[in-house]
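Here is the file data-v7.cif (mmCIF, C-alpha atoms and all ligand atoms).
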data_structure
loop_
_atom_site.label_atom_id
_atom_site.label_comp_id
_atom_site.auth_asym_id
_atom_site.auth_seq_id
_atom_site.Cartn_x
_atom_site.Cartn_y
_atom_site.Cartn_z
CA MET A 808 9.15 10.20 -29.43
CA ALA A 809 6.56 7.76 -28.15
CA ILE A 810 6.48 7.00 -24.45
CA LEU A 811 5.56 3.71 -22.83
CA VAL A 812 4.91 3.12 -19.12
CA MET A 813 5.88 -0.28 -17.69
CA LYS A 814 5.06 -0.99 -14.04
CA PHE A 815 6.62 -3.91 -12.19
CA GLY A 816 5.00 -5.09 -8.96
CA GLY A 817 6.65 -6.62 -5.90
CA THR A 818 6.99 -10.19 -7.17
CA SER A 819 8.38 -8.88 -10.47
CA VAL A 820 11.27 -7.20 -8.61
CA ALA A 821 11.46 -9.72 -5.75
CA ASP A 822 15.21 -10.30 -6.12
CA LEU A 823 18.08 -9.38 -8.40
CA ASN A 824 17.18 -12.12 -10.89
CA CYS A 825 13.64 -10.84 -11.18
CA ILE A 826 14.93 -7.28 -11.59
CA ARG A 827 17.22 -8.52 -14.38
CA ASN A 828 14.28 -10.27 -16.05
CA ALA A 829 12.18 -7.08 -15.84
CA ALA A 830 15.08 -4.98 -17.10
CA GLN A 831 15.38 -7.25 -20.15
CA LYS A 832 11.73 -6.57 -20.94
CA VAL A 833 12.38 -2.84 -20.66
CA LYS A 834 15.47 -3.08 -22.85
CA ARG A 835 13.44 -4.86 -25.51
CA GLU A 836 11.05 -1.89 -25.66
CA VAL A 837 13.92 0.61 -25.69
CA ASP A 838 15.49 -1.31 -28.57
CA ALA A 839 12.14 -1.12 -30.36
CA GLY A 840 12.36 2.68 -30.18
CA TRP A 841 10.29 3.58 -27.11
CA GLN A 842 11.22 5.97 -24.34
CA VAL A 843 10.13 4.18 -21.19
CA ALA A 844 8.99 5.28 -17.76
CA VAL A 845 9.43 2.25 -15.53
CA ILE A 846 7.50 2.31 -12.27
CA VAL A 847 8.68 -0.08 -9.60
CA SER A 848 7.21 -1.44 -6.39
CA ALA A 849 9.27 -2.53 -3.41
CA MET A 850 10.59 -6.10 -3.43
CA SER A 851 7.73 -8.40 -2.45
CA GLY A 852 7.29 -8.67 1.30
CA GLU A 853 9.34 -5.53 1.91
CA THR A 854 6.45 -3.12 2.45
CA ASN A 855 4.74 -5.60 4.79
CA LYS A 856 7.94 -5.85 6.79
CA LEU A 857 8.25 -2.07 7.04
CA VAL A 858 4.57 -1.66 8.01
CA GLY A 859 5.15 -4.32 10.67
CA TYR A 860 8.04 -2.33 12.13
CA VAL A 861 5.90 0.80 12.33
CA ARG A 862 2.99 -1.00 14.00
CA GLU A 863 5.33 -2.64 16.49
CA VAL A 864 6.73 0.72 17.51
CA SER A 865 3.34 2.42 17.72
CA ALA A 866 -0.18 1.09 17.08
CA LEU A 867 -1.59 4.58 16.55
CA TYR A 868 1.40 5.73 14.56
CA ASP A 869 2.07 9.19 13.14
CA ALA A 870 1.18 8.78 9.46
CA ARG A 871 4.00 11.09 8.32
CA GLU A 872 6.62 8.86 9.91
CA TYR A 873 4.82 5.74 8.63
CA ASP A 874 5.30 7.18 5.14
CA ALA A 875 8.96 7.97 5.78
CA VAL A 876 9.52 4.33 6.65
CA VAL A 877 7.34 2.46 4.17
CA ALA A 878 8.30 4.51 1.08
CA SER A 879 11.88 3.33 1.40
CA GLY A 880 11.28 -0.05 -0.29
CA GLU A 881 10.62 1.64 -3.64
CA GLN A 882 13.72 3.80 -3.33
CA VAL A 883 15.83 0.64 -3.20
CA THR A 884 14.23 -1.05 -6.23
CA SER A 885 14.30 2.11 -8.36
CA GLY A 886 18.05 2.43 -7.85
CA LEU A 887 18.63 -1.28 -8.43
CA MET A 888 16.53 -1.23 -11.59
CA ALA A 889 18.40 1.81 -12.93
CA LEU A 890 21.73 0.10 -12.19
CA THR A 891 20.60 -3.15 -13.84
CA LEU A 892 19.45 -1.27 -16.93
CA GLN A 893 22.75 0.59 -17.07
CA SER A 894 24.60 -2.73 -16.94
CA LEU A 895 22.58 -3.79 -20.00
CA GLY A 896 23.73 -0.67 -21.82
CA VAL A 897 20.48 1.26 -21.33
CA ASN A 898 20.72 4.90 -20.34
CA ALA A 899 18.54 4.94 -17.21
CA ARG A 900 18.13 7.22 -14.21
CA SER A 901 16.02 6.74 -11.05
CA TRP A 902 13.42 9.23 -9.81
CA GLN A 903 11.96 9.43 -6.31
CA GLY A 904 8.53 10.98 -5.87
CA TRP A 905 9.96 14.26 -4.54
CA GLN A 906 12.42 14.53 -7.41
CA MET A 907 9.82 14.60 -10.19
CA PRO A 908 7.99 16.01 -8.19
CA LEU A 909 4.82 13.95 -7.84
CA LYS A 910 2.72 16.17 -5.56
CA THR A 911 0.04 14.71 -3.32
CA ASP A 912 -2.47 15.96 -0.79
CA ALA A 913 -1.80 15.75 2.96
CA ALA A 914 -3.59 12.43 3.59
CA HIS A 915 -0.43 10.59 4.62
CA GLY A 916 -0.71 6.84 4.27
CA SER A 917 -3.34 7.05 1.52
CA ALA A 918 -2.49 10.31 -0.20
CA ARG A 919 -4.06 11.32 -3.48
CA ILE A 920 -1.99 12.60 -6.36
CA GLN A 921 -2.61 16.25 -7.11
CA GLU A 922 -0.10 17.07 -9.78
CA ILE A 923 2.88 15.53 -11.54
CA ASP A 924 5.48 17.86 -12.96
CA THR A 925 7.08 16.02 -15.88
CA THR A 926 9.31 18.91 -17.01
CA ALA A 927 12.52 17.54 -15.48
CA MET A 928 11.82 13.98 -16.63
CA LEU A 929 11.05 15.08 -20.19
CA ALA A 930 14.23 17.19 -20.21
CA LYS A 931 16.21 14.08 -19.24
CA PHE A 932 14.60 12.13 -22.10
CA ASP A 933 15.65 15.00 -24.40
CA GLU A 934 19.21 14.78 -23.06
CA GLY A 935 19.35 11.19 -24.29
CA PHE A 936 18.13 9.15 -21.33
CA ASP A 937 15.96 6.27 -22.58
CA VAL A 938 14.46 5.21 -19.28
CA ALA A 939 13.16 7.03 -16.22
CA VAL A 940 12.83 4.56 -13.35
CA CYS A 941 10.25 5.99 -10.96
CA ALA A 942 9.79 4.82 -7.40
CA GLY A 943 6.10 3.89 -7.23
CA PHE A 944 3.79 4.39 -4.23
CA GLN A 945 5.34 7.70 -3.16
CA GLY A 946 5.09 11.42 -3.66
CA VAL A 947 5.59 14.61 -1.71
CA SER A 948 2.89 16.25 0.41
CA PRO A 949 2.14 19.99 0.67
CA ASP A 950 4.27 20.18 3.83
CA ASN A 951 7.20 18.79 1.84
CA ARG A 952 7.20 15.36 3.44
CA ILE A 953 7.21 11.96 1.77
CA ALA A 954 3.66 10.71 1.28
CA THR A 955 2.51 7.25 0.21
CA LEU A 956 -0.52 6.43 -1.90
CA GLY A 957 -2.01 3.52 0.06
CA ARG A 958 -1.24 -0.18 -0.32
CA GLY A 959 -0.89 -1.23 -3.93
CA GLY A 960 -0.28 2.43 -4.80
CA SER A 961 2.41 1.81 -7.41
CA ASP A 962 -0.38 0.94 -9.86
CA THR A 963 -1.73 4.44 -9.31
CA SER A 964 1.72 5.98 -9.70
CA ALA A 965 2.03 4.18 -13.04
CA VAL A 966 -1.32 5.28 -14.43
CA ALA A 967 -0.89 8.86 -13.19
CA ILE A 968 2.60 9.11 -14.70
CA ALA A 969 1.27 7.59 -17.94
CA ALA A 970 -1.44 10.26 -18.03
CA ALA A 971 1.00 13.06 -17.24
CA LEU A 972 3.46 11.91 -19.91
CA GLU A 973 0.61 11.23 -22.36
CA ALA A 974 2.06 7.75 -22.79
CA ASP A 975 0.82 5.52 -25.58
CA ARG A 976 0.36 2.58 -23.21
CA CYS A 977 0.50 1.69 -19.54
CA ASP A 978 1.40 -1.95 -18.96
CA ILE A 979 1.10 -3.35 -15.44
CA TYR A 980 3.41 -6.34 -15.14
CA THR A 981 2.55 -8.71 -12.33
CA ASP A 982 2.67 -12.35 -11.24
CA VAL A 983 -0.54 -13.40 -13.04
CA ASP A 984 -1.08 -13.02 -16.76
CA GLY A 985 -4.10 -10.77 -16.50
CA VAL A 986 -7.32 -10.09 -14.63
CA TYR A 987 -9.19 -13.29 -13.82
CA THR A 988 -12.82 -14.01 -13.00
CA THR A 989 -11.58 -14.26 -9.42
CA ASP A 990 -8.22 -14.60 -7.68
CA PRO A 991 -6.75 -17.76 -9.25
CA ARG A 992 -5.06 -18.49 -5.93
CA VAL A 993 -8.47 -19.08 -4.36
CA GLU A 994 -10.27 -20.63 -7.34
CA PRO A 995 -7.93 -22.55 -9.66
CA GLU A 996 -10.77 -22.74 -12.20
CA ALA A 997 -10.75 -18.95 -12.57
CA ARG A 998 -10.54 -17.79 -16.18
CA LYS A 999 -8.48 -14.98 -17.64
CA ILE A 1000 -10.59 -12.15 -18.99
CA ASP A 1001 -9.38 -10.72 -22.32
CA ARG A 1002 -11.14 -7.37 -21.98
CA ILE A 1003 -12.81 -5.82 -18.98
CA ALA A 1004 -14.74 -2.57 -18.68
CA PHE A 1005 -13.31 0.20 -16.50
CA GLU A 1006 -16.46 0.22 -14.35
CA GLU A 1007 -16.23 -3.50 -13.65
CA MET A 1008 -12.52 -3.34 -12.93
CA LEU A 1009 -13.13 -0.38 -10.64
CA GLU A 1010 -15.76 -2.30 -8.70
CA LEU A 1011 -13.68 -5.52 -8.54
CA ALA A 1012 -10.66 -3.57 -7.32
CA SER A 1013 -12.62 -1.63 -4.74
CA GLN A 1014 -14.14 -4.88 -3.46
CA GLY A 1015 -10.69 -6.35 -2.89
CA ALA A 1016 -9.27 -7.73 -6.18
CA LYS A 1017 -5.82 -6.40 -5.49
CA VAL A 1018 -4.51 -7.01 -9.00
CA LEU A 1019 -5.03 -3.25 -9.55
CA GLN A 1020 -5.36 -0.52 -6.96
CA THR A 1021 -8.79 1.11 -7.19
CA ARG A 1022 -7.45 4.60 -7.74
CA SER A 1023 -5.35 3.45 -10.66
CA VAL A 1024 -8.50 2.30 -12.44
CA GLU A 1025 -10.28 5.55 -11.57
CA LEU A 1026 -7.43 7.55 -13.09
CA ALA A 1027 -7.16 5.36 -16.18
CA MET A 1028 -10.88 5.82 -16.75
CA ARG A 1029 -10.75 9.59 -16.25
CA TYR A 1030 -7.68 10.23 -18.38
CA LYS A 1031 -8.35 7.48 -20.93
CA VAL A 1032 -5.05 5.75 -20.31
CA PRO A 1033 -4.75 2.55 -22.39
CA LEU A 1034 -4.23 0.02 -19.60
CA GLN A 1035 -3.12 -3.58 -19.76
CA VAL A 1036 -2.42 -6.12 -16.99
CA ARG A 1037 0.11 -8.75 -18.04
CA SER A 1038 2.68 -11.21 -16.76
CA SER A 1039 6.29 -10.40 -15.94
CA PHE A 1040 7.16 -14.04 -16.41
CA SER A 1041 5.66 -14.81 -19.82
CA ASP A 1042 4.88 -13.05 -23.06
CA ALA A 1043 1.23 -14.10 -23.06
CA PRO A 1044 -1.24 -11.34 -23.93
CA GLY A 1045 -2.76 -9.79 -20.85
CA THR A 1046 -6.10 -8.20 -20.01
CA ILE A 1047 -7.05 -4.91 -21.62
CA VAL A 1048 -9.03 -2.57 -19.37
CA CYS A 1049 -11.17 -0.45 -21.66
CA ASP A 1050 -14.46 1.34 -22.23
CA GLU A 1051 -17.61 -0.73 -22.02
CA GLU A 1052 -18.37 -0.05 -25.70
CA GLU A 1053 -15.20 -1.86 -26.72
CA ILE A 1054 -16.42 -5.12 -25.23
CA VAL A 1055 -18.42 -7.37 -27.48
CA GLU A 1056 -19.40 -10.15 -25.11
CA SER A 1057 -21.00 -8.86 -21.95
CA ASN A 1058 -21.80 -11.03 -18.95
CA VAL A 1059 -24.26 -10.65 -16.14
CA VAL A 1060 -21.55 -11.39 -13.60
CA THR A 1061 -17.96 -10.85 -14.69
CA GLY A 1062 -16.07 -11.65 -11.52
CA VAL A 1063 -16.04 -12.41 -7.82
CA ALA A 1064 -13.92 -10.27 -5.50
CA PHE A 1065 -13.20 -10.67 -1.83
CA SER A 1066 -11.58 -8.84 0.99
CA ARG A 1067 -10.41 -10.88 3.93
CA ASP A 1068 -9.17 -7.88 5.89
CA GLU A 1069 -12.44 -6.51 7.18
CA ALA A 1070 -13.54 -5.66 10.67
CA LYS A 1071 -17.07 -5.08 11.93
CA ILE A 1072 -17.90 -2.60 14.66
CA THR A 1073 -21.29 -2.39 16.34
CA LEU A 1074 -22.20 0.58 18.50
CA GLN A 1075 -24.90 -0.58 20.89
CA ASN A 1076 -27.84 1.40 22.08
CA VAL A 1077 -27.31 4.56 20.07
CA ALA A 1078 -30.00 7.24 20.25
CA ASP A 1079 -32.18 7.13 17.11
CA ARG A 1080 -32.24 10.88 16.40
CA PRO A 1081 -31.05 13.25 13.68
CA GLY A 1082 -27.34 13.97 13.84
CA VAL A 1083 -26.23 10.65 15.29
CA ALA A 1084 -24.89 9.25 12.02
CA ALA A 1085 -22.98 12.48 11.46
CA ALA A 1086 -21.57 12.28 15.01
CA ILE A 1087 -20.29 8.77 14.27
CA PHE A 1088 -19.04 9.04 10.71
CA GLY A 1089 -17.75 12.63 10.88
CA PRO A 1090 -14.91 11.85 13.31
CA LEU A 1091 -14.12 8.62 11.42
CA ALA A 1092 -13.76 10.58 8.18
CA GLU A 1093 -11.56 13.14 9.94
CA ALA A 1094 -9.38 10.28 11.19
CA ASN A 1095 -9.06 9.07 7.56
CA VAL A 1096 -10.94 5.87 8.34
CA ASN A 1097 -12.70 4.49 5.31
CA VAL A 1098 -16.10 3.12 6.33
CA ASP A 1099 -17.61 0.56 3.99
CA MET A 1100 -20.84 -1.26 4.86
CA ILE A 1101 -23.28 0.47 7.22
CA VAL A 1102 -26.41 -0.99 8.81
CA GLN A 1103 -28.75 0.65 11.26
CA ASN A 1104 -31.24 -1.62 12.98
CA ILE A 1105 -34.87 -0.67 13.47
CA SER A 1106 -35.44 1.08 16.74
CA ASP A 1107 -38.35 0.28 19.01
CA ASP A 1108 -37.68 2.48 22.03
CA GLY A 1109 -35.85 5.37 20.35
CA ARG A 1110 -32.54 3.56 20.59
CA THR A 1111 -30.81 1.38 18.04
CA ASP A 1112 -27.60 -0.46 17.13
CA MET A 1113 -25.36 0.88 14.40
CA THR A 1114 -23.03 -1.55 12.62
CA PHE A 1115 -20.32 -0.64 10.13
CA THR A 1116 -17.25 -2.22 8.62
CA VAL A 1117 -13.74 -0.86 8.13
CA HIS A 1118 -10.55 -2.28 6.67
CA SER A 1119 -8.71 -4.14 9.42
CA ASP A 1120 -5.72 -1.81 8.99
CA ASP A 1121 -8.02 1.01 10.14
CA PHE A 1122 -9.54 -0.93 13.02
CA ASP A 1123 -7.40 0.42 15.87
CA ARG A 1124 -7.89 3.97 14.65
CA ALA A 1125 -11.65 3.46 14.23
CA GLN A 1126 -12.03 1.99 17.69
CA ALA A 1127 -9.97 4.76 19.30
CA THR A 1128 -11.96 7.40 17.38
CA MET A 1129 -15.27 5.93 18.57
CA GLU A 1130 -14.11 5.66 22.18
CA ALA A 1131 -13.13 9.34 22.01
CA ALA A 1132 -16.53 10.26 20.56
CA LYS A 1133 -18.47 8.10 23.03
CA ASP A 1134 -20.10 10.94 24.95
CA GLU A 1135 -20.93 12.92 21.83
CA VAL A 1136 -22.52 9.87 20.12
CA GLY A 1137 -24.00 8.49 23.32
CA PHE A 1138 -23.63 4.75 22.64
CA GLU A 1139 -23.55 2.20 25.43
CA GLY A 1140 -21.04 -0.38 24.24
CA LEU A 1141 -18.77 -1.14 21.33
CA VAL A 1142 -18.63 -4.70 20.01
CA ALA A 1143 -15.87 -5.57 17.57
CA ASP A 1144 -15.67 -8.56 15.25
CA ARG A 1145 -12.35 -8.87 13.45
CA ASP A 1146 -13.19 -12.27 12.08
CA VAL A 1147 -15.19 -11.25 9.01
CA ALA A 1148 -14.61 -11.06 5.25
CA LYS A 1149 -16.49 -9.52 2.36
CA VAL A 1150 -17.36 -11.33 -0.86
CA SER A 1151 -18.80 -9.52 -3.88
CA VAL A 1152 -20.09 -10.40 -7.31
CA VAL A 1153 -19.61 -7.75 -10.00
CA GLY A 1154 -20.93 -7.30 -13.52
CA ILE A 1155 -22.31 -4.55 -15.71
CA GLY A 1156 -24.96 -6.98 -16.88
CA MET A 1157 -26.70 -6.45 -13.52
CA ARG A 1158 -27.98 -3.14 -14.83
CA SER A 1159 -30.29 -4.98 -17.17
CA HIS A 1160 -30.78 -8.34 -15.46
CA THR A 1161 -32.57 -9.04 -12.24
CA GLY A 1162 -32.13 -12.05 -9.99
CA VAL A 1163 -28.40 -11.84 -9.35
CA ALA A 1164 -28.75 -11.20 -5.63
CA GLN A 1165 -31.25 -14.00 -5.27
CA ARG A 1166 -28.97 -16.42 -7.10
CA MET A 1167 -26.06 -15.33 -4.90
CA PHE A 1168 -27.99 -15.81 -1.65
CA ALA A 1169 -29.30 -19.21 -2.77
CA ALA A 1170 -25.79 -20.43 -3.65
CA LEU A 1171 -24.45 -19.29 -0.27
CA SER A 1172 -27.31 -20.85 1.64
CA GLU A 1173 -26.78 -24.19 -0.11
CA GLU A 1174 -23.28 -24.18 1.33
CA GLY A 1175 -24.55 -23.15 4.77
CA VAL A 1176 -22.78 -19.77 4.66
CA ASN A 1177 -24.51 -17.24 6.87
CA ILE A 1178 -24.76 -13.66 5.55
CA GLN A 1179 -24.17 -10.96 8.18
CA VAL A 1180 -24.51 -7.75 6.14
CA ILE A 1181 -25.56 -7.09 2.53
CA THR A 1182 -24.87 -4.05 0.36
CA THR A 1183 -25.59 -3.49 -3.30
CA SER A 1184 -24.78 -1.02 -6.03
CA GLU A 1185 -25.83 -0.85 -9.65
CA ILE A 1186 -23.26 -3.44 -10.72
CA LYS A 1187 -22.36 -5.37 -7.55
CA VAL A 1188 -23.75 -7.27 -4.60
CA SER A 1189 -21.57 -7.70 -1.51
CA VAL A 1190 -22.03 -9.84 1.56
CA LEU A 1191 -20.15 -9.96 4.83
CA VAL A 1192 -19.46 -13.48 6.10
CA GLN A 1193 -17.45 -15.14 8.80
CA ARG A 1194 -13.85 -15.21 7.57
CA LYS A 1195 -13.49 -18.98 7.68
CA TYR A 1196 -16.21 -19.26 5.01
CA MET A 1197 -14.68 -16.74 2.64
CA GLU A 1198 -12.91 -19.16 0.28
CA LEU A 1199 -15.91 -21.46 0.19
CA ALA A 1200 -18.17 -18.51 -0.63
CA VAL A 1201 -15.89 -17.34 -3.45
CA ARG A 1202 -15.72 -20.78 -5.02
CA CYS A 1203 -19.41 -21.50 -4.75
CA LEU A 1204 -20.29 -18.13 -6.31
CA HIS A 1205 -17.76 -18.67 -9.08
CA THR A 1206 -19.53 -21.92 -9.89
CA ALA A 1207 -23.04 -20.54 -9.42
CA PHE A 1208 -22.40 -17.85 -12.05
CA ASP A 1209 -20.63 -20.28 -14.42
CA LEU A 1210 -17.52 -18.16 -14.48
CA SER A 1211 -15.05 -20.89 -15.36
CA ASP A 1212 -16.74 -21.54 -18.71
CA SER A 1213 -16.26 -19.00 -21.44
CA GLY A 1214 -19.86 -19.55 -22.46
CA GLN A 1215 -21.62 -17.56 -19.74
CA ALA A 1216 -24.95 -18.21 -18.17
CA SER A 1217 -27.52 -15.49 -17.87
CA ALA A 1218 -29.43 -14.60 -14.75
P1 LIG A 1301 1.98 -6.77 -7.66
O1 LIG A 1301 2.94 -7.05 -6.58
O2 LIG A 1301 2.48 -7.14 -9.03
O3 LIG A 1301 1.37 -5.41 -7.61
P2 LIG A 1301 -0.37 -7.88 -6.41
O4 LIG A 1301 -0.06 -8.98 -5.46
O5 LIG A 1301 -0.66 -6.53 -5.87
O6 LIG A 1301 0.81 -7.83 -7.48
O7 LIG A 1301 -1.58 -8.30 -7.37
C1 LIG A 1301 -1.53 -9.50 -8.08
C2 LIG A 1301 -2.30 -10.57 -7.33
O8 LIG A 1301 -3.66 -10.19 -7.30
C3 LIG A 1301 -2.32 -11.93 -7.97
O9 LIG A 1301 -1.20 -12.69 -7.61
C4 LIG A 1301 -3.61 -12.53 -7.45
O10 LIG A 1301 -3.40 -13.40 -6.36
C5 LIG A 1301 -4.39 -11.33 -6.94
N1 LIG A 1301 -5.74 -11.21 -7.52
C6 LIG A 1301 -6.86 -10.97 -6.81
N2 LIG A 1301 -7.93 -10.94 -7.59
C7 LIG A 1301 -7.50 -11.17 -8.85
C8 LIG A 1301 -8.15 -11.27 -10.11
N3 LIG A 1301 -9.47 -11.09 -10.24
N4 LIG A 1301 -7.38 -11.50 -11.20
C9 LIG A 1301 -6.05 -11.65 -11.10
N5 LIG A 1301 -5.39 -11.60 -9.92
C10 LIG A 1301 -6.09 -11.36 -8.81
N1 LIG A 1302 4.96 -1.55 -2.15
C1 LIG A 1302 3.64 -1.01 -1.95
C2 LIG A 1302 2.73 -2.08 -1.35
O1 LIG A 1302 3.17 -3.20 -1.14
C3 LIG A 1302 3.06 -0.42 -3.19
C4 LIG A 1302 2.83 -1.40 -4.31
O2 LIG A 1302 3.42 -2.48 -4.34
O3 LIG A 1302 2.05 -1.08 -5.20
O4 LIG A 1302 1.62 -1.79 -1.06
MG MG A 1303 -0.17 -4.60 -6.44
#

Using structure tokens, write down the structure that the file contains.
Ligand code: ADP
Ligand code: ASP
Ligand code: MG
Amino acid sequence: MAILVMKFGGTSVADLNCIRNAAQKVKREVDAGWQVAVIVSAMSGETNKLVGYVREVSALYDAREYDAVVASGEQVTSGLMALTLQSLGVNARSWQGWQMPLKTDAAHGSARIQEIDTTAMLAKFDEGFDVAVCAGFQGVSPDNRIATLGRGGSDTSAVAIAAALEADRCDIYTDVDGVYTTDPRVEPEARKIDRIAFEEMLELASQGAKVLQTRSVELAMRYKVPLQVRSSFSDAPGTIVCDEEEIVESNVVTGVAFSRDEAKITLQNVADRPGVAAAIFGPLAEANVNVDMIVQNISDDGRTDMTFTVHSDDFDRAQATMEAAKDEVGFEGLVADRDVAKVSVVGIGMRSHTGVAQRMFAALSEEGVNIQVITTSEIKVSVLVQRKYMELAVRCLHTAFDLSDSGQASA
């Protein structure tokens, strides 16, 4: 029988009414003849609350215990969803990560999925269960402890389970009716995109568009999972994430993404010699700190400043790691700026069009927004700005690249 994956995010299971609404959508698909794997997030706000508890108890927390705490939100919603489905006459059973099992690596807090054993779940479908309700965001690590997949990780659970079950479709139900040219909460003129290429979605997600977790897009691309983002609260068609070749109209810039939770660290007066970068970024990698933008200034007297950015969640860990490596690296001072944000423009059209960066910088300068750091890739340009200018930067770039009109401008 054909299998469908339906993932419901936090706002889609925010209370019992929302869970009932989501369960009705699932029942409709069951009645249409599908076997359904439902992936649920925690109720909205719940994971933040749990993370807050952990941080209050210990700033440099033990990631294994962090996972034990924060994975609990999904356990609650998976049980409630199974119960709600049962009350609608649907034969449903909940599954925690360890029960499947969904095996991860040991990187607690942002673990990667290594393997999903679907034998038990498929056997349950064969026994007559129509729905497997899976707790998103969680799995089990090699040392048999609960592991979580990083914030927004239920998207990744959904895509990975869809791939493992060879599902016909993976629908991500959320509180917007698709992927927009930018977050519609920041730019009300943002436009829904009907189809977006995996590469663009990957870049938008990794630059902060939290509508999909980056790893979910990576997995969908690798395993060719048919992926759609759509609304839990309407039946409007969503956004299909697909191969580039399936997109007829291609734009120079497809979207603007932003990340307000950045922090900038500058190590002052670092020796400009081989091995220094490795001495800085090696320990950060070992501490599971994800470093994003990196700038090294020119040195005049054999010493230089090294600036890099990290997600603000990783800031305490990054700072502690650098203080511990101070003698090894040999820097003089550490200056932190937690008041920064990153804004990026993304589009596969940049491969064949020049001038995007220039147009971006001109638009920002017209609004008086100062650029602190710049990075580029084949299909994106990112800038670091003072956080208070982030919204302004997003809106002015959205206008500069004519993203609210369906007829797109070229560079
Ligand atoms: P869920 O709880 O369903 O996983 P998220 O809050 O993680 O939902 O993601 C949905 C949110 O992503 C939207 O409410 C929207 O504010 C935000 N978002 C950011 N960028 C975009 C974008 N380009 N298109 C659509 N939504 C976006
Ligand atoms: N509940 C987790 C979070 O808030 C996972 C998810 O919603 O995808 O990050
Ligand atoms: Mg999400």

Open item on the list: So that I can see what lies close to range 923-928 of chain A, please list as a PyMOL selection string the residues with an atom at most 8 Å from it, counting only C-alpha atoms and leaving out residues fewer than 3 positions away in the same chain.
Closed with: chain A and resi 907-910+920+931-932+939+967-968+971-972

Expected axis-aligned box over every listed atom of range 1090-1105 of chain A, 8 Å added per side, centre plus edges in Å to one decimal, as lines of an AutoDock Vina configuration file:
center_x = -22.0
center_y = 5.8
center_z = 8.7
size_x = 41.8
size_y = 30.8
size_z = 25.5

Using only C-alpha atoms and all ligand atoms, what table do you get, as JSON lines, when you list each residue of chain A with an atom no more than 9 Å from ligand MG 1303 (chain A), its nearest pair of atoms, and their distance in Å rounded to one decimal, rows by chain then rising number?
{"residue": "A:Phe815", "atom": "CA", "partner": "A:MG1303", "partner_atom": "MG", "distance": 8.9}
{"residue": "A:Gly816", "atom": "CA", "partner": "A:MG1303", "partner_atom": "MG", "distance": 5.8}
{"residue": "A:Gly817", "atom": "CA", "partner": "A:MG1303", "partner_atom": "MG", "distance": 7.1}
{"residue": "A:Ser848", "atom": "CA", "partner": "A:MG1303", "partner_atom": "MG", "distance": 8.0}
{"residue": "A:Arg958", "atom": "CA", "partner": "A:MG1303", "partner_atom": "MG", "distance": 7.6}
{"residue": "A:Gly959", "atom": "CA", "partner": "A:MG1303", "partner_atom": "MG", "distance": 4.3}
{"residue": "A:Gly960", "atom": "CA", "partner": "A:MG1303", "partner_atom": "MG", "distance": 7.2}
{"residue": "A:Ser961", "atom": "CA", "partner": "A:MG1303", "partner_atom": "MG", "distance": 7.0}
{"residue": "A:Asp962", "atom": "CA", "partner": "A:MG1303", "partner_atom": "MG", "distance": 6.5}
{"residue": "A:Thr981", "atom": "CA", "partner": "A:MG1303", "partner_atom": "MG", "distance": 7.7}
{"residue": "A:Lys1017", "atom": "CA", "partner": "A:MG1303", "partner_atom": "MG", "distance": 6.0}
{"residue": "A:Val1018", "atom": "CA", "partner": "A:MG1303", "partner_atom": "MG", "distance": 5.6}
{"residue": "A:Leu1019", "atom": "CA", "partner": "A:MG1303", "partner_atom": "MG", "distance": 5.9}
{"residue": "A:Gln1020", "atom": "CA", "partner": "A:MG1303", "partner_atom": "MG", "distance": 6.6}

- [ ] Tell me which of A:Thr1116, A:Asn1097, A:Gln906, A:Ser1151 sits closest to ligand LIG 1301 (chain A), counting all atoms listed in the file.
- [x]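 Going through A:Thr1116, A:Asn1097, A:Gln906, A:Ser1151 one by one, the smallest distance to ligand LIG 1301 (chain A) is for A:Ser1151.
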
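Minimum distance to Ser851 in chain A across A:Gln1126, A:Gln831, A:Thr955, A:Ser819 (counting only C-alpha atoms) occurs at A:Ser819.
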
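The interatomic distance for the pair CA of Val983 in chain A and CA of Glu1056 in chain A works out to 22.6 Å.
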
Open item on the list: Here is a test: counting all atoms listed in the file, which residue of A:Ala878, A:Val861, A:Met1167, A:Leu1210 is nearest to ligand LIG 1302 (chain A)?
Closed with: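 Smallest separation from ligand LIG 1302 (chain A) among the options: A:Ala878.
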
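Interatomic distance, CA of Ala889 in chain A to atom C9 of ligand LIG 1301 (chain A): 28.0 Å.
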
- [ ] Find the distance between CA of Val1102 in chain A and CA of Phe1115 in chain A and write it in Å to one decimal.
- [x]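 Interatomic distance here is 6.2 Å.
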
Open item on the list: Please determine, counting only C-alpha atoms and all ligand atoms, which residue among A:Gly957, A:Gly859, A:Pro995, A:Gly916 has the shortest atom-to-atom distance to ligand LIG 1302 (chain A).
Closed with: A:Gly957

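With distances restricted to all atoms listed in the file, A:Ala974 is the closest residue to Tyr1030 in chain A from A:Ser1184, A:Ala974, A:Tyr987, A:Glu996.
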
Task: Nearest residue to ligand LIG 1302 (chain A) from the set A:Asn951, A:Ser1119, A:Asn1076, A:Ser1023 (distances using all atoms listed in the file) - done: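 Using all atoms listed in the file, the shortest distance to ligand LIG 1302 (chain A) belongs to A:Ser1023.
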
Task: Non-local contacts of Ala970 in chain A (10 Å; all atoms listed in the file; under 2 positions in same chain excluded) as a ChimeraX atom specification - done: /A:812,923,964-968,972-977,1026-1027,1029-1033

Task: Expected answer as number ranges by chain: all residues with atoms within 9 Å of (-4.1, 11.9, 5.0), all atoms listed in the file - done: A: 870-871, 912-919, 954, 1094-1095

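Excluding Arg1158 in chain A itself and any same-chain residue fewer than 5 positions from it, the protein and nucleic acid residues within 10 Å of it, counting all atoms listed in the file, are A:Val1059, A:Ser1184, A:Glu1185, A:Ile1186, A:Lys1187.
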